[in-house]
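So the structure is just underneath, and the comments pick up after that.
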Amino acid sequence: MKKTILTLTAVAALFSAKAQQVAFEEYDLSNGMHVILHKDNSAPVVVTSVMYHVGAKDEQPDRTGMAHFFEHLLFEGTKNIKKGDWFKIVSSNGGRNNANTTDDRTYYYEIFPSNNLELGLWMESERLLHPIIKQEGVDTQNEVVKEEKRLRVDNQPYSRFLENVKKNIFKKHPYKGTTIGKMAHLDAATLDEFLAFNKKFYVPNNATLVVAGDIDVKDAKKLIKEYFGRIPRGKDIARNFPKEEPITKQIDAKAYDPNIQIPAIMQAYRTPSMKTKDSRILDMISTYLSTGKSSVLYKKLVDSKKMSLQAGAINLSQEDYGTYILYALPLGKVSLEDLSKEMDEEIVKLQNDLISERDFQKLQNQFENRFVNSNSSVEGIANSLARYNVLYGDTNLINTEIDIYRSITREDIRNVARKYLNPNQRLVMEYLPESKK
């Protein structure tokens, strides 16, 4: 009977996996813009989105913050959209929109009732073809970005930990900076520099357009050609970022935060690109260590030993490198050194022993669930299609990446822990209240 149940479960899982297949069509316009179409008539909604392959790593060292700044600046208006009208047009037509920036890419999107597909395409083509970049708009958005930095960074507890981790483990690669950049760099930038940044990176051949939802594919293609096909191709972008030397000796550092009263201990490792299987195995390790109250670090340090207020692991996977971070906040008079030893103990266990079959199956279930949820809405599908194309170079990972996770074994988890999570390959950083400085 048990074998029958397992067989039926496997069949159900297989059926579920096939049912989750995301159908799409992709092609290039003559100007180099990559186009991805996904038809889903289950709801009268359409997403128009553009992901530009430009992020904080593409900036000049003395002009950081440019990519994030453009996320704001390109809502200022265009030749045919008056200053301040962008959000009014979207909301008055039953839509919503937003944008976000990382070290690797910038993403803009609109979600409209499906009868407004043409409007969404027109607006994104306007952003690309006719942006108005003037000193007045630069000055306005400069104040907006400064306020965002004050709100999200300067006045938020623990908000600078990643900035300090990255500047210690990256010595050459531009990942050593922050996405929001330095305000002094933006203040010093001239209008000509903003215009040059736009001309270099906001070009069709550096962009992927995704149209997803309740569409007629033939009509969508016709509109896309009409609105985007005439935009001139830009110059090819050459990227040659410096490579980091391996970390071979533990780096010890301290960082200070004026917004905290309780210190933290950070252990950080430089890890491989998000495109690698090893990066995905590190995803599993971080989930095993810190996702949920039954996870290893929470159960041990917070629940059982009551040594920590909070503990966890983060796998920040990026296009060129990853950053793997373990952290803990002490409870009472527990020392940061003792917390570090406890975290080390769990890593050594991973390196020496296979995790249990039960824990491994739990991990697989968590990643199956995560995969299904990421493609449960047309908005999520549009984002995934763009991300897999721009950052991984393989749009169909929206359907096949889960197979990579399914192929991971308990031995893989042990081997990757051995390969990357060693004391001589890491930064150990005490993150302290500034008053102790």
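Just remember, in the structure tokens the first chain shown is A, the second B, etc., residues are 1-based per chain, and ligands are 1-based in the order shown.
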
message = Please list as JSON, numbers by chain every residue within 12 Å of Leu119 of chain A, counting only C-alpha atoms and excluding residues in the same chain fewer than 6 positions away.
response = {"A": [46, 47, 48, 81, 86, 89, 90, 92, 93, 94, 95, 110, 111, 112, 113, 125, 126, 220, 223, 224, 227]}

task = Run DSSP on the backbone of this structure and report the residues of segment 10-220 of chain A it assigns to strand (DSSP E or B), as a ChimeraX atom specification.
result = /A:25-28,34-39,45-52,78,96-101,106-113,131,207-213

Next, write the just-selected residues to a file, as a tab-separated table (two decimals), in the first residue's frame, keeping N, CA and C atoms as the atom set.
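Just written: again33.tsv:
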```tsv
chain	number	residue	atom	x	y	z
A	25	GLU	N	6.83	32.99	-26.36
A	25	GLU	CA	7.48	33.14	-27.66
A	25	GLU	C	8.46	34.29	-27.55
A	26	GLU	N	9.65	34.15	-28.13
A	26	GLU	CA	10.62	35.23	-28.05
A	26	GLU	C	11.27	35.44	-29.42
A	27	TYR	N	11.64	36.68	-29.66
A	27	TYR	CA	12.28	37.04	-30.92
A	27	TYR	C	12.98	38.39	-30.75
A	28	ASP	N	13.79	38.77	-31.73
A	28	ASP	CA	14.49	40.05	-31.70
A	28	ASP	C	13.95	40.98	-32.78
A	34	HIS	N	15.13	42.57	-27.49
A	34	HIS	CA	14.61	41.21	-27.35
A	34	HIS	C	13.17	41.31	-26.85
A	35	VAL	N	12.28	40.53	-27.45
A	35	VAL	CA	10.86	40.56	-27.12
A	35	VAL	C	10.42	39.17	-26.66
A	36	ILE	N	9.67	39.12	-25.56
A	36	ILE	CA	9.11	37.87	-25.05
A	36	ILE	C	7.61	38.06	-24.87
A	37	LEU	N	6.83	37.15	-25.43
A	37	LEU	CA	5.37	37.21	-25.32
A	37	LEU	C	4.86	35.99	-24.57
A	38	HIS	N	3.95	36.22	-23.63
A	38	HIS	CA	3.31	35.12	-22.89
A	38	HIS	C	1.81	35.38	-22.87
A	39	LYS	N	1.05	34.45	-23.42
A	39	LYS	CA	-0.40	34.60	-23.49
A	39	LYS	C	-1.07	33.85	-22.36
A	45	VAL	N	-6.05	41.04	-17.88
A	45	VAL	CA	-4.94	41.86	-17.39
A	45	VAL	C	-3.75	41.67	-18.32
A	46	VAL	N	-2.97	42.73	-18.52
A	46	VAL	CA	-1.75	42.62	-19.31
A	46	VAL	C	-0.62	43.37	-18.61
A	47	VAL	N	0.56	42.78	-18.65
A	47	VAL	CA	1.76	43.42	-18.12
A	47	VAL	C	2.66	43.80	-19.29
A	48	THR	N	3.08	45.06	-19.31
A	48	THR	CA	4.12	45.49	-20.24
A	48	THR	C	5.33	45.87	-19.39
A	49	SER	N	6.46	45.23	-19.65
A	49	SER	CA	7.63	45.50	-18.83
A	49	SER	C	8.88	45.53	-19.70
A	50	VAL	N	9.85	46.32	-19.25
A	50	VAL	CA	11.14	46.37	-19.92
A	50	VAL	C	12.23	46.25	-18.87
A	51	MET	N	13.13	45.30	-19.09
A	51	MET	CA	14.30	45.16	-18.23
A	51	MET	C	15.53	45.59	-19.03
A	52	TYR	N	16.23	46.58	-18.48
A	52	TYR	CA	17.47	47.06	-19.09
A	52	TYR	C	18.65	46.42	-18.38
A	78	THR	N	8.27	62.75	-20.93
A	78	THR	CA	8.84	62.53	-22.26
A	78	THR	C	8.36	63.64	-23.19
A	96	ARG	N	-1.46	50.17	-12.69
A	96	ARG	CA	-0.45	50.51	-11.69
A	96	ARG	C	0.92	50.20	-12.28
A	97	ASN	N	1.94	50.85	-11.73
A	97	ASN	CA	3.27	50.66	-12.30
A	97	ASN	C	4.32	50.90	-11.23
A	98	ASN	N	5.54	50.46	-11.56
A	98	ASN	CA	6.66	50.66	-10.65
A	98	ASN	C	7.95	50.37	-11.38
A	99	ALA	N	9.05	50.48	-10.66
A	99	ALA	CA	10.37	50.16	-11.20
A	99	ALA	C	11.29	49.82	-10.04
A	100	ASN	N	12.36	49.09	-10.33
A	100	ASN	CA	13.34	48.78	-9.30
A	100	ASN	C	14.69	48.53	-9.94
A	101	THR	N	15.73	48.71	-9.13
A	101	THR	CA	17.10	48.62	-9.62
A	101	THR	C	17.93	47.72	-8.72
A	106	THR	N	17.87	47.07	-14.35
A	106	THR	CA	16.80	47.99	-13.97
A	106	THR	C	15.51	47.52	-14.65
A	107	TYR	N	14.42	47.51	-13.90
A	107	TYR	CA	13.17	46.92	-14.39
A	107	TYR	C	12.02	47.91	-14.22
A	108	TYR	N	11.30	48.13	-15.32
A	108	TYR	CA	10.11	48.99	-15.33
A	108	TYR	C	8.91	48.17	-15.77
A	109	TYR	N	7.75	48.42	-15.19
A	109	TYR	CA	6.57	47.66	-15.62
A	109	TYR	C	5.28	48.43	-15.36
A	110	GLU	N	4.29	48.11	-16.19
A	110	GLU	CA	2.92	48.58	-16.01
A	110	GLU	C	1.99	47.38	-16.02
A	111	ILE	N	0.94	47.43	-15.23
A	111	ILE	CA	-0.11	46.41	-15.22
A	111	ILE	C	-1.43	47.12	-15.52
A	112	PHE	N	-2.03	46.76	-16.65
A	112	PHE	CA	-3.24	47.42	-17.11
A	112	PHE	C	-4.35	46.40	-17.36
A	113	PRO	N	-5.60	46.86	-17.38
A	113	PRO	CA	-6.64	46.04	-18.01
A	113	PRO	C	-6.20	45.76	-19.45
A	131	PRO	N	12.78	60.46	-23.83
A	131	PRO	CA	12.84	60.95	-22.45
A	131	PRO	C	13.28	62.41	-22.41
A	207	ALA	N	17.97	45.96	-23.96
A	207	ALA	CA	16.67	45.87	-23.31
A	207	ALA	C	15.91	44.61	-23.72
A	208	THR	N	15.12	44.11	-22.79
A	208	THR	CA	14.20	43.00	-23.05
A	208	THR	C	12.79	43.45	-22.72
A	209	LEU	N	11.92	43.40	-23.70
A	209	LEU	CA	10.50	43.76	-23.53
A	209	LEU	C	9.70	42.49	-23.31
A	210	VAL	N	8.89	42.48	-22.25
A	210	VAL	CA	8.00	41.36	-21.99
A	210	VAL	C	6.56	41.86	-22.02
A	211	VAL	N	5.73	41.19	-22.79
A	211	VAL	CA	4.28	41.45	-22.78
A	211	VAL	C	3.61	40.15	-22.36
A	212	ALA	N	2.92	40.19	-21.25
A	212	ALA	CA	2.34	38.96	-20.69
A	212	ALA	C	0.91	39.20	-20.25
A	213	GLY	N	0.05	38.23	-20.51
A	213	GLY	CA	-1.33	38.31	-20.05
A	213	GLY	C	-2.33	38.07	-21.15
```

request  = Excluding Asn205 of chain A and any residue of its chain fewer than 2 positions from it, enumerate the residues within 9 Å of it, using only C-alpha atoms, and give them as an MDAnalysis selection string.
outcome  = chainID A and resid 29 31:34 201:203 207:208 233:237

Could you write those residues out with N, CA, C and O atoms, as a short mmCIF file (atom, residue, chain, number, x, y, z; two decimals), in the first residue's frame?
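File result26.cif, as written:
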```cif
data_model
loop_
_atom_site.label_atom_id
_atom_site.label_comp_id
_atom_site.auth_asym_id
_atom_site.auth_seq_id
_atom_site.Cartn_x
_atom_site.Cartn_y
_atom_site.Cartn_z
N LEU A 29 13.82 42.24 -32.43
CA LEU A 29 13.56 43.26 -33.43
C LEU A 29 14.85 43.58 -34.17
O LEU A 29 15.94 43.25 -33.70
N ASN A 31 16.43 46.22 -34.38
CA ASN A 31 17.31 47.12 -33.62
C ASN A 31 17.96 46.44 -32.41
O ASN A 31 18.66 47.08 -31.63
N GLY A 32 17.72 45.13 -32.27
CA GLY A 32 18.37 44.40 -31.19
C GLY A 32 17.54 44.21 -29.94
O GLY A 32 17.95 43.48 -29.02
N MET A 33 16.38 44.85 -29.84
CA MET A 33 15.53 44.65 -28.67
C MET A 33 15.00 43.22 -28.65
O MET A 33 14.50 42.72 -29.65
N HIS A 34 15.13 42.57 -27.49
CA HIS A 34 14.61 41.21 -27.35
C HIS A 34 13.17 41.31 -26.85
O HIS A 34 12.86 42.09 -25.94
N PHE A 201 23.18 53.25 -22.19
CA PHE A 201 22.53 52.06 -21.64
C PHE A 201 21.05 51.92 -21.98
O PHE A 201 20.53 50.80 -22.02
N TYR A 202 20.35 53.03 -22.21
CA TYR A 202 18.92 52.95 -22.50
C TYR A 202 18.71 52.92 -24.01
O TYR A 202 18.25 53.88 -24.62
N VAL A 203 19.09 51.77 -24.57
CA VAL A 203 19.01 51.53 -26.01
C VAL A 203 18.32 50.18 -26.23
O VAL A 203 18.35 49.31 -25.35
N ALA A 207 17.97 45.96 -23.96
CA ALA A 207 16.67 45.87 -23.31
C ALA A 207 15.91 44.61 -23.72
O ALA A 207 16.03 44.14 -24.85
N THR A 208 15.12 44.11 -22.79
CA THR A 208 14.20 43.00 -23.05
C THR A 208 12.79 43.45 -22.72
O THR A 208 12.52 43.87 -21.58
N ARG A 233 19.06 51.52 -32.99
CA ARG A 233 19.94 50.68 -32.19
C ARG A 233 21.05 51.54 -31.59
O ARG A 233 21.53 52.50 -32.21
N GLY A 234 21.48 51.20 -30.39
CA GLY A 234 22.59 51.90 -29.78
C GLY A 234 23.90 51.19 -30.05
O GLY A 234 23.94 50.13 -30.68
N LYS A 235 24.99 51.77 -29.57
CA LYS A 235 26.29 51.12 -29.70
C LYS A 235 26.33 49.88 -28.82
O LYS A 235 25.70 49.84 -27.75
N ASP A 236 27.04 48.87 -29.26
CA ASP A 236 27.21 47.67 -28.45
C ASP A 236 27.94 48.03 -27.16
O ASP A 236 28.85 48.86 -27.16
N ILE A 237 27.54 47.39 -26.07
CA ILE A 237 28.12 47.68 -24.76
C ILE A 237 29.13 46.60 -24.41
O ILE A 237 28.80 45.41 -24.36
#
```

message = According to DSSP computed on the backbone, where in segment 248-416 of chain A is there helix (DSSP H, G or I)? Give the residues as a PyMOL selection string.
response = chain A and resi 277-290+296-304+336-352+357-374+378-392+397-407+410-416

query = Which residues, written as a PyMOL selection string, have at least one atom at most 12 Å from Lys249 of chain A, with only C-alpha atoms counted and residues fewer than 3 positions away on the same chain left out?
reply = chain A and resi 169+245-246+252+269+422-428

request  = Have a look at A:Gln366, A:Ser273, A:Ser294, A:Gln310 and name the one nearest to Leu329 of chain A; count only C-alpha atoms.
outcome  =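 Counting only C-alpha atoms, the residue closest to Leu329 of chain A is A:Gln310.
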
request  = Go through A:Ser340, A:Asn352, A:Ser407, A:Asn365 one by one, measure the shortest atom-to-atom distance of each to Lys277 of chain A using only C-alpha atoms, and give the residue with the smallest value.
outcome  =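 Among the listed residues, A:Ser407 lies closest to Lys277 of chain A.
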
For segment 184-197 of chain A, please output as a compact mmCIF listing (two decimals) with C-alpha atoms, in the first residue's frame all residues within 8 Å (counting only C-alpha atoms; exclusion window: fewer than 6 positions along the same chain).
```txt
# COMPACT_ATOMS: atom_id res chain seq x y z
CA ASP A 62 33.21 58.42 -9.10
CA ARG A 63 29.61 58.51 -10.31
CA THR A 64 27.90 55.83 -8.26
CA GLY A 65 24.11 55.81 -7.94
CA MET A 66 23.45 56.60 -11.61
CA ILE A 133 16.41 64.83 -19.35
CA LYS A 134 16.89 68.42 -18.20
CA GLN A 135 18.59 70.03 -15.23
CA VAL A 138 17.74 66.05 -12.38
CA ASN A 142 18.17 64.32 -6.72
```
